[in-house]
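Participant: Below is the file upload_32.tsv, which contains TSV, C-alpha atoms and all ligand atoms.
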```
chain	number	residue	atom	x	y	z
A	472	MET	CA	135.98	57.24	100.41
A	473	GLN	CA	132.60	55.47	100.18
A	474	PHE	CA	129.94	56.96	102.42
A	475	LYS	CA	126.85	55.14	103.70
A	476	LYS	CA	125.35	57.57	106.16
A	477	VAL	CA	126.03	61.32	106.27
A	478	GLY	CA	124.87	63.84	108.87
A	479	VAL	CA	124.01	67.51	108.47
A	480	LEU	CA	123.77	70.20	111.13
A	481	THR	CA	123.26	73.96	111.35
A	482	SER	CA	125.19	75.91	113.95
A	483	GLY	CA	125.67	79.43	115.29
A	484	GLY	CA	123.33	82.29	114.40
A	485	ASP	CA	120.64	81.16	111.97
A	486	ALA	CA	120.70	82.69	108.49
A	487	PRO	CA	117.89	82.90	105.92
A	488	GLY	CA	118.65	80.19	103.36
A	489	MET	CA	119.88	77.57	105.82
A	490	ASN	CA	116.81	75.44	105.10
A	491	ALA	CA	117.51	75.54	101.38
A	492	ALA	CA	121.05	74.35	102.17
A	493	ILE	CA	119.76	71.48	104.35
A	494	ARG	CA	117.36	70.47	101.57
A	495	SER	CA	120.15	70.49	99.02
A	496	VAL	CA	122.57	68.49	101.19
A	497	VAL	CA	119.88	65.89	101.96
A	498	ARG	CA	118.59	65.51	98.42
A	499	THR	CA	121.98	65.46	96.70
A	500	GLY	CA	123.23	62.99	99.34
A	501	ILE	CA	120.26	60.67	98.75
A	502	HIS	CA	120.89	61.01	95.02
A	503	LYS	CA	124.37	59.58	95.64
A	504	GLY	CA	122.81	56.61	97.47
A	505	TRP	CA	123.62	57.80	101.01
A	506	GLN	CA	121.34	57.68	104.02
A	507	MET	CA	120.98	61.18	105.43
A	508	VAL	CA	120.67	62.16	109.07
A	509	GLY	CA	119.76	65.52	110.58
A	510	VAL	CA	121.53	66.55	113.78
A	511	ARG	CA	119.27	68.65	116.01
A	512	ASN	CA	120.52	71.88	117.64
A	513	GLY	CA	124.01	72.10	116.20
A	514	TYR	CA	126.98	70.60	118.02
A	515	GLN	CA	124.78	70.05	121.08
A	516	GLY	CA	122.99	67.36	119.06
A	517	LEU	CA	126.28	65.52	118.46
A	518	ILE	CA	126.91	65.42	122.21
A	519	SER	CA	123.38	64.36	123.15
A	520	GLU	CA	122.94	62.00	120.13
A	521	ASN	CA	119.97	63.96	118.86
A	522	PHE	CA	119.83	62.42	115.38
A	523	GLN	CA	116.89	62.02	113.01
A	524	PRO	CA	116.79	60.26	109.64
A	525	LEU	CA	115.95	62.65	106.80
A	526	GLY	CA	114.29	61.50	103.59
A	527	VAL	CA	113.49	63.44	100.44
A	528	ARG	CA	110.01	64.38	101.70
A	529	ASP	CA	111.25	65.47	105.13
A	530	VAL	CA	112.95	68.46	103.54
A	531	GLY	CA	110.02	69.39	101.27
A	532	GLY	CA	108.25	72.73	101.69
A	533	ILE	CA	111.08	74.35	103.69
A	534	MET	CA	112.86	76.33	100.96
A	535	HIS	CA	110.93	79.55	101.62
A	536	GLN	CA	111.19	79.38	105.41
A	537	GLY	CA	113.71	81.44	107.36
A	538	GLY	CA	115.50	79.92	110.34
A	539	THR	CA	116.59	76.29	110.40
A	540	ILE	CA	114.37	73.22	110.74
A	541	LEU	CA	117.25	71.48	112.53
A	542	GLY	CA	117.62	74.17	115.20
A	543	SER	CA	120.84	75.77	116.38
A	544	ALA	CA	122.41	76.09	119.83
A	545	ARG	CA	125.55	77.20	121.58
A	546	CYS	CA	127.41	74.23	123.08
A	547	LEU	CA	130.12	74.83	125.67
A	548	GLU	CA	130.97	71.13	125.97
A	549	PHE	CA	131.88	70.92	122.29
A	550	THR	CA	134.52	73.64	122.73
A	551	THR	CA	136.58	71.16	124.80
A	552	LEU	CA	138.66	68.32	123.35
A	553	ASP	CA	136.71	65.83	125.50
A	554	GLY	CA	133.45	67.14	124.04
A	555	GLN	CA	134.78	66.89	120.49
A	556	ARG	CA	135.96	63.29	121.06
A	557	LYS	CA	132.56	62.42	122.51
A	558	ALA	CA	130.91	63.87	119.39
A	559	VAL	CA	133.07	61.69	117.13
A	560	ARG	CA	132.34	58.60	119.27
A	561	ASN	CA	128.60	59.28	119.00
A	562	LEU	CA	128.79	59.79	115.25
A	563	ASN	CA	130.70	56.51	114.86
A	564	ARG	CA	128.29	54.64	117.14
A	565	HIS	CA	125.38	55.69	114.91
A	566	GLY	CA	127.27	54.69	111.75
A	567	ILE	CA	127.41	58.30	110.52
A	568	ASP	CA	130.61	58.37	108.47
A	569	GLY	CA	130.63	62.01	107.30
A	570	LEU	CA	129.21	65.38	108.35
A	571	VAL	CA	128.18	68.65	106.70
A	572	VAL	CA	128.26	71.74	108.95
A	573	ILE	CA	126.24	74.74	107.77
A	574	GLY	CA	127.30	77.89	109.61
A	575	GLY	CA	129.67	80.81	110.06
A	576	ASN	CA	133.00	81.44	111.75
A	577	GLY	CA	132.39	79.79	115.13
A	578	SER	CA	130.68	76.82	113.50
A	579	GLN	CA	133.54	76.24	111.08
A	580	THR	CA	136.01	76.37	113.98
A	581	GLY	CA	133.98	73.39	115.23
A	582	SER	CA	134.23	71.56	111.91
A	583	TYR	CA	137.96	72.24	111.84
A	584	ALA	CA	138.23	70.65	115.30
A	585	LEU	CA	136.42	67.53	114.04
A	586	SER	CA	138.67	67.33	110.97
A	587	LYS	CA	141.74	67.47	113.24
A	588	LEU	CA	140.36	64.31	114.89
A	589	ASP	CA	140.36	62.75	111.38
A	590	TYR	CA	136.57	62.81	111.13
A	591	PRO	CA	135.36	63.53	107.54
A	592	VAL	CA	133.66	66.92	107.59
A	593	VAL	CA	132.80	69.66	105.10
A	594	GLY	CA	131.58	73.16	105.99
A	595	VAL	CA	129.02	75.28	104.13
A	596	ALA	CA	129.51	79.07	104.34
A	597	SER	CA	126.45	80.51	106.05
A	598	THR	CA	126.25	83.71	108.09
A	599	ILE	CA	124.57	87.07	107.55
A	600	ASP	CA	127.84	88.78	108.59
A	601	ASN	CA	129.77	87.88	105.41
A	602	ASP	CA	132.95	87.68	107.45
A	603	LEU	CA	134.01	84.18	106.42
A	604	CYS	CA	137.19	83.60	104.40
A	605	GLY	CA	136.65	81.13	101.56
A	606	SER	CA	133.49	82.68	100.16
A	607	ASP	CA	132.85	86.05	98.51
A	608	ILE	CA	129.32	85.92	99.87
A	609	THR	CA	127.67	83.66	102.42
A	610	ILE	CA	124.15	82.30	102.83
A	611	GLY	CA	121.82	84.86	104.44
A	612	VAL	CA	123.69	88.04	103.49
A	613	ASP	CA	121.42	88.98	100.61
A	614	THR	CA	118.23	88.58	102.64
A	615	ALA	CA	119.63	90.47	105.64
A	616	LEU	CA	120.78	93.25	103.35
A	617	ASN	CA	117.40	93.55	101.68
A	618	ILE	CA	115.70	93.79	105.07
A	619	ALA	CA	118.09	96.59	106.10
A	620	VAL	CA	117.52	98.47	102.84
A	621	GLU	CA	113.75	98.20	103.17
A	622	ALA	CA	114.01	99.62	106.70
A	623	ILE	CA	116.19	102.51	105.46
A	624	ASP	CA	113.72	103.31	102.67
A	625	ARG	CA	110.91	103.48	105.22
A	626	LEU	CA	112.88	105.52	107.75
A	627	LYS	CA	113.87	108.03	105.07
A	628	ILE	CA	110.23	108.88	104.50
A	629	THR	CA	109.44	109.71	108.11
A	630	ALA	CA	112.86	111.36	108.55
A	631	SER	CA	112.10	113.73	105.65
A	632	SER	CA	108.69	114.67	107.06
A	633	HIS	CA	110.33	115.88	110.27
A	634	GLN	CA	113.75	116.98	108.93
A	635	ARG	CA	115.23	114.45	111.34
A	636	ALA	CA	118.38	112.41	111.35
A	637	PHE	CA	118.20	108.66	111.97
A	638	LEU	CA	120.83	106.27	113.22
A	639	VAL	CA	120.08	102.81	111.81
A	640	GLU	CA	122.06	100.08	113.53
A	641	VAL	CA	122.57	96.89	111.57
A	642	MET	CA	124.06	93.54	112.60
A	643	GLY	CA	127.36	92.11	111.45
A	644	ARG	CA	129.23	91.43	114.69
A	645	ASP	CA	132.71	92.98	114.21
A	646	CYS	CA	132.42	93.19	110.42
A	647	GLY	CA	131.09	96.29	108.62
A	648	TYR	CA	130.06	94.58	105.38
A	649	LEU	CA	126.27	94.61	105.95
A	650	ALA	CA	126.31	98.23	107.12
A	651	LEU	CA	128.42	99.39	104.20
A	652	MET	CA	126.35	97.66	101.54
A	653	ALA	CA	123.09	98.74	103.20
A	654	ALA	CA	124.33	102.34	103.18
A	655	ILE	CA	125.20	102.19	99.49
A	656	ALA	CA	121.96	100.43	98.46
A	657	GLY	CA	119.85	102.61	100.76
A	658	GLY	CA	121.46	105.89	99.68
A	659	ALA	CA	122.43	106.76	103.25
A	660	GLU	CA	124.23	110.00	104.11
A	661	LYS	CA	126.87	108.29	106.25
A	662	VAL	CA	128.11	104.86	107.27
A	663	LEU	CA	130.07	103.96	110.40
A	664	ILE	CA	131.90	100.63	110.42
A	665	PRO	CA	134.38	98.90	112.75
A	666	GLU	CA	137.09	98.97	110.09
A	667	VAL	CA	137.20	102.80	109.96
A	668	ASP	CA	137.90	105.00	113.00
A	669	PHE	CA	135.64	108.00	113.72
A	670	GLU	CA	134.57	110.44	116.46
A	671	PRO	CA	130.94	111.52	117.12
A	672	GLU	CA	131.81	115.22	116.73
A	673	ASP	CA	133.09	114.65	113.17
A	674	VAL	CA	129.92	112.73	112.27
A	675	ALA	CA	127.78	115.53	113.76
A	676	ARG	CA	129.64	118.16	111.72
A	677	GLU	CA	129.08	116.24	108.48
A	678	ILE	CA	125.37	115.83	109.22
A	679	SER	CA	124.98	119.53	110.06
A	680	GLU	CA	126.72	120.39	106.77
A	681	ALA	CA	124.35	118.09	104.90
A	682	TYR	CA	121.35	119.97	106.34
A	683	ASP	CA	123.02	123.29	105.46
A	684	LYS	CA	123.26	122.06	101.87
A	685	GLY	CA	119.49	121.54	101.82
A	686	LYS	CA	119.01	117.87	102.76
A	687	ALA	CA	115.62	117.12	104.30
A	688	HIS	CA	116.89	114.14	106.28
A	689	ALA	CA	120.06	112.28	107.21
A	690	ILE	CA	120.38	108.51	107.47
A	691	ILE	CA	123.46	107.27	109.29
A	692	VAL	CA	123.97	103.51	109.06
A	693	VAL	CA	125.93	102.19	112.04
A	694	ALA	CA	127.43	98.70	112.17
A	695	GLU	CA	126.79	97.11	115.57
A	696	GLY	CA	130.55	96.61	115.98
A	697	ALA	CA	131.48	100.23	115.15
A	698	LYS	CA	133.63	102.24	117.60
A	699	TYR	CA	130.47	103.90	119.01
A	700	ASN	CA	127.11	102.14	118.74
A	701	ALA	CA	123.81	103.83	117.82
A	702	GLU	CA	122.76	104.42	121.43
A	703	GLN	CA	126.06	106.07	122.35
A	704	LEU	CA	125.88	108.30	119.29
A	705	ARG	CA	122.24	109.18	119.95
A	706	ASP	CA	123.12	110.23	123.50
A	707	TYR	CA	125.99	112.42	122.26
A	708	PHE	CA	123.92	114.06	119.53
A	709	THR	CA	120.95	114.61	121.88
A	710	ALA	CA	123.15	116.18	124.55
A	711	ASN	CA	124.45	118.64	121.93
A	712	LYS	CA	121.18	119.09	120.04
A	713	GLU	CA	120.93	122.90	120.27
A	714	ARG	CA	124.48	123.43	119.08
A	715	LEU	CA	124.25	120.82	116.27
A	716	GLY	CA	120.86	121.95	115.03
A	717	PHE	CA	119.26	118.59	114.26
A	718	SER	CA	117.12	116.11	116.08
A	719	ILE	CA	118.07	112.41	116.14
A	720	ARG	CA	116.21	109.09	116.47
A	721	ILE	CA	117.56	105.56	116.41
A	722	SER	CA	116.34	102.30	114.98
A	723	ILE	CA	118.16	99.10	115.89
A	724	LEU	CA	117.27	96.42	113.35
A	725	GLY	CA	118.85	93.54	115.28
A	726	HIS	CA	117.43	90.08	114.74
A	727	THR	CA	114.74	91.22	112.28
A	728	GLN	CA	117.60	90.91	109.79
A	729	ARG	CA	117.89	87.18	110.47
A	730	GLY	CA	114.20	86.35	110.14
A	731	GLY	CA	111.90	86.23	107.16
A	732	SER	CA	111.82	84.36	103.93
A	733	PRO	CA	115.16	84.04	102.09
A	734	THR	CA	115.58	85.88	98.79
A	735	ALA	CA	115.87	83.92	95.53
A	736	TYR	CA	119.61	84.70	95.61
A	737	ASP	CA	120.05	83.09	99.03
A	738	ARG	CA	117.96	80.06	98.02
A	739	THR	CA	120.01	79.42	94.89
A	740	LEU	CA	123.33	80.09	96.64
A	741	ALA	CA	122.33	77.67	99.43
A	742	SER	CA	121.24	75.04	96.90
A	743	ARG	CA	124.58	75.31	95.09
A	744	LEU	CA	126.71	75.26	98.24
A	745	GLY	CA	124.76	72.32	99.71
A	746	ALA	CA	125.34	70.34	96.51
A	747	GLY	CA	128.98	71.44	96.59
A	748	ALA	CA	129.34	69.97	100.08
A	749	THR	CA	128.16	66.46	99.19
A	750	ALA	CA	130.23	66.61	95.97
A	751	ALA	CA	133.32	67.50	98.02
A	752	LEU	CA	132.71	64.61	100.43
A	753	GLU	CA	132.23	62.23	97.50
A	754	ARG	CA	135.57	63.36	96.02
A	755	GLY	CA	137.16	62.55	99.37
A	756	GLU	CA	137.79	66.19	100.26
A	757	THR	CA	137.49	66.75	103.98
A	758	GLY	CA	138.45	69.55	106.35
A	759	VAL	CA	137.28	72.11	103.79
A	760	LEU	CA	134.71	74.89	103.51
A	761	VAL	CA	132.47	75.09	100.46
A	762	GLY	CA	131.97	78.68	99.33
A	763	MET	CA	131.56	80.79	96.21
A	764	ILE	CA	134.49	82.74	94.80
A	765	LYS	CA	134.10	84.69	91.54
A	766	SER	CA	130.78	82.89	90.93
A	767	GLU	CA	132.41	79.43	91.14
A	768	ILE	CA	131.66	76.89	93.87
A	769	VAL	CA	135.04	76.14	95.43
A	770	THR	CA	136.57	74.57	98.52
A	771	THR	CA	139.07	76.18	100.89
A	772	PRO	CA	140.92	74.28	103.65
A	773	LEU	CA	139.33	74.99	107.06
A	774	VAL	CA	142.78	75.70	108.48
A	775	GLU	CA	142.92	78.77	106.18
A	776	VAL	CA	139.32	79.76	106.84
A	777	CYS	CA	139.75	79.65	110.62
A	778	ASN	CA	143.11	81.39	110.76
A	779	ASN	CA	142.42	84.37	108.51
A	780	LYS	CA	140.25	87.45	108.74
A	781	LYS	CA	138.29	88.42	105.65
A	782	PRO	CA	139.20	92.01	104.69
A	783	ILE	CA	136.53	94.54	103.78
A	784	ASP	CA	136.84	96.36	100.46
A	785	LEU	CA	137.59	99.95	101.51
A	786	ALA	CA	137.05	101.16	97.94
A	787	LEU	CA	133.35	100.59	98.65
A	788	PHE	CA	133.64	102.84	101.70
A	789	GLU	CA	135.08	105.59	99.49
A	790	LEU	CA	132.29	105.02	96.96
A	791	GLN	CA	129.67	105.50	99.67
A	792	ARG	CA	131.29	108.82	100.66
A	793	ILE	CA	131.15	110.04	97.07
A	794	LEU	CA	127.56	108.95	96.56
A	795	ASP	CA	126.07	110.26	99.83
B	801	LIG	O1	126.65	86.12	113.47
B	801	LIG	C1	125.34	86.48	113.18
B	801	LIG	C2	124.83	87.48	114.19
B	801	LIG	O2	123.50	87.82	113.86
B	801	LIG	C3	125.67	88.76	114.34
B	801	LIG	O3	125.42	89.68	113.31
B	801	LIG	C4	125.25	89.22	115.71
B	801	LIG	O4	126.27	90.01	116.30
B	801	LIG	C5	125.08	87.92	116.45
B	801	LIG	O5	124.83	86.92	115.49
B	801	LIG	C6	123.96	87.93	117.45
B	801	LIG	O6	123.99	86.74	118.14
B	801	LIG	P1	122.77	86.18	119.00
B	801	LIG	O7	121.75	85.65	118.04
B	801	LIG	O8	123.37	85.10	119.83
B	801	LIG	O9	122.23	87.31	119.79
```
Kindly present the structure from the file in structure tokens form.
Ligand code: F6P

Facilitator:
Amino acid sequence: MQFKKVGVLTSGGDAPGMNAAIRSVVRTGIHKGWQMVGVRNGYQGLISENFQPLGVRDVGGIMHQGGTILGSARCLEFTTLDGQRKAVRNLNRHGIDGLVVIGGNGSQTGSYALSKLDYPVVGVASTIDNDLCGSDITIGVDTALNIAVEAIDRLKITASSHQRAFLVEVMGRDCGYLALMAAIAGGAEKVLIPEVDFEPEDVAREISEAYDKGKAHAIIVVAEGAKYNAEQLRDYFTANKERLGFSIRISILGHTQRGGSPTAYDRTLASRLGAGATAALERGETGVLVGMIKSEIVTTPLVEVCNNKKPIDLALFELQRILD
């Protein structure tokens, strides 16, 4: 299919590296002779016709910035078939004959909906959660992980001074990937993830044993989607402080993990995936997600991406237990 005008939007939670992906989509699209259009505020912009032409210079100087210059928003109207049809009508009215959607699970459910209406669309795998089928790693994961590891390194120092234990809660929605990798890279004593069941008393026993063995601190990384969150665990440990023999503090990293300048890894991944998206459109591939599998830029049908859950590698969980 020959394209004349192609749109690009970012949707869902922002991820460091999204701007590098926008830049790559725009510049590789222009290189193919297409006019490029930015859609403001995700799917909301399709509904409200919030379109802006993007030239080569409009995406200059954004590579190092976190967030997304196009904005992101949640859009209830787009979750309905009427909303999706309206979006396609608006795209057609503005002569936009293809779309690149940069985002995670929810966002790619949106692109899948557009593809089912026969609108040409390609997704780019971008979420700090790394829970998207069709890509070994997604845009933003590396930066978010580095932020978590830096926080753990800092907390370890103050924890050691006071012989304290710290619960460090990291994002990831219902996926434990970020927590697990942060625990390994940060040398944490324990990691708690949604994929593995646990009880607070068992965690407390392990931490007490670690102190008995001579540890000066204990760092417990908790995924936000774990069976008990950091606040619940803190309350349990505090209520049993005398019996357990250690004092606990919590640090919830939250959205700090989504801000900040993307790492070189995220910038290059985003540049490659953005280029992969315009290449896929040019080949006539639509209804697919562009991701990276075994270091190759590949496409996966959105129907597969949206109907499958990405498994976590439990061998890494075992590794963390051995290394703690
Ligand atoms: O999906 C990315 C993510 O940061 C999750 O890790 C987190 O659970 C969620 O978004 C937070 O969403 P919001 O920015 O709407 O609070």

Participant: Determine the nearest neighbour of Asp602 of chain A from the options A:Met507, A:Leu541, A:Ile783, A:Leu663, counting only C-alpha atoms.

Facilitator: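 Of the candidates, the smallest distance to Asp602 of chain A is held by A:Ile783.
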
Participant: When you count only C-alpha atoms, which of these residues is closest to Glu520 of chain A: A:Ala558, A:Met652, A:Leu773, A:Val667?

Facilitator: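 Selected residue with least distance to Glu520 of chain A: A:Ala558.
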
Participant: May I ask which of the residues A:Tyr682, A:Tyr648, A:Phe708, A:Phe788 is the closest one to ligand LIG 801 (chain B), counting only C-alpha atoms and all ligand atoms?

Facilitator: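 Closest to ligand LIG 801 (chain B), using only C-alpha atoms and all ligand atoms: A:Tyr648.
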
Participant: So, counting all atoms listed in the file, which residue among A:Gly526, A:Gly755, A:Gly731, A:Gly500 is closest to Lys476 of chain A?

Facilitator: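 Closest to Lys476 of chain A, using all atoms listed in the file: A:Gly500.
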
Participant: Return as number ranges by chain every polymer residue, whether protein, DNA or RNA, with at least one atom no more than 8 Å from an atom of ligand LIG 801 (chain B); count all atoms listed in the file.

Facilitator: A: 483-486, 575, 598-600, 641-645, 695-696, 725-726, 728-729

Participant: Need a file for segment 696-708 of chain A from that block: N, CA and C atoms, written as an mmCIF file, in the first residue's frame.

Facilitator:
```cif
data_model
loop_
_atom_site.group_PDB
_atom_site.id
_atom_site.type_symbol
_atom_site.label_atom_id
_atom_site.label_comp_id
_atom_site.auth_asym_id
_atom_site.auth_seq_id
_atom_site.Cartn_x
_atom_site.Cartn_y
_atom_site.Cartn_z
ATOM 1 N N GLY A 696 2.311 -5.110 42.408
ATOM 2 C CA GLY A 696 1.188 -6.037 42.238
ATOM 3 C C GLY A 696 1.318 -7.303 43.074
ATOM 4 N N ALA A 697 2.318 -7.345 43.978
ATOM 5 C CA ALA A 697 2.535 -8.551 44.794
ATOM 6 C C ALA A 697 1.342 -8.790 45.719
ATOM 7 N N LYS A 698 1.260 -10.003 46.261
ATOM 8 C CA LYS A 698 0.107 -10.396 47.100
ATOM 9 C C LYS A 698 -0.121 -9.401 48.244
ATOM 10 N N TYR A 699 0.951 -8.948 48.890
ATOM 11 C CA TYR A 699 0.859 -7.895 49.909
ATOM 12 C C TYR A 699 1.758 -6.748 49.439
ATOM 13 N N ASN A 700 1.249 -5.508 49.489
ATOM 14 C CA ASN A 700 2.093 -4.397 49.064
ATOM 15 C C ASN A 700 3.000 -3.933 50.207
ATOM 16 N N ALA A 701 3.865 -2.963 49.922
ATOM 17 C CA ALA A 701 4.872 -2.546 50.903
ATOM 18 C C ALA A 701 4.226 -2.019 52.181
ATOM 19 N N GLU A 702 3.138 -1.280 52.042
ATOM 20 C CA GLU A 702 2.504 -0.712 53.250
ATOM 21 C C GLU A 702 1.925 -1.811 54.132
ATOM 22 N N GLN A 703 1.288 -2.795 53.521
ATOM 23 C CA GLN A 703 0.721 -3.901 54.302
ATOM 24 C C GLN A 703 1.824 -4.667 55.021
ATOM 25 N N LEU A 704 2.923 -4.896 54.325
ATOM 26 C CA LEU A 704 4.036 -5.630 54.936
ATOM 27 C C LEU A 704 4.670 -4.823 56.066
ATOM 28 N N ARG A 705 4.838 -3.520 55.818
ATOM 29 C CA ARG A 705 5.409 -2.646 56.854
ATOM 30 C C ARG A 705 4.556 -2.718 58.121
ATOM 31 N N ASP A 706 3.233 -2.646 57.940
ATOM 32 C CA ASP A 706 2.340 -2.674 59.108
ATOM 33 C C ASP A 706 2.475 -3.997 59.865
ATOM 34 N N TYR A 707 2.587 -5.087 59.133
ATOM 35 C CA TYR A 707 2.722 -6.405 59.779
ATOM 36 C C TYR A 707 4.046 -6.493 60.540
ATOM 37 N N PHE A 708 5.127 -6.070 59.856
ATOM 38 C CA PHE A 708 6.448 -6.168 60.497
ATOM 39 C C PHE A 708 6.524 -5.238 61.716
#
```
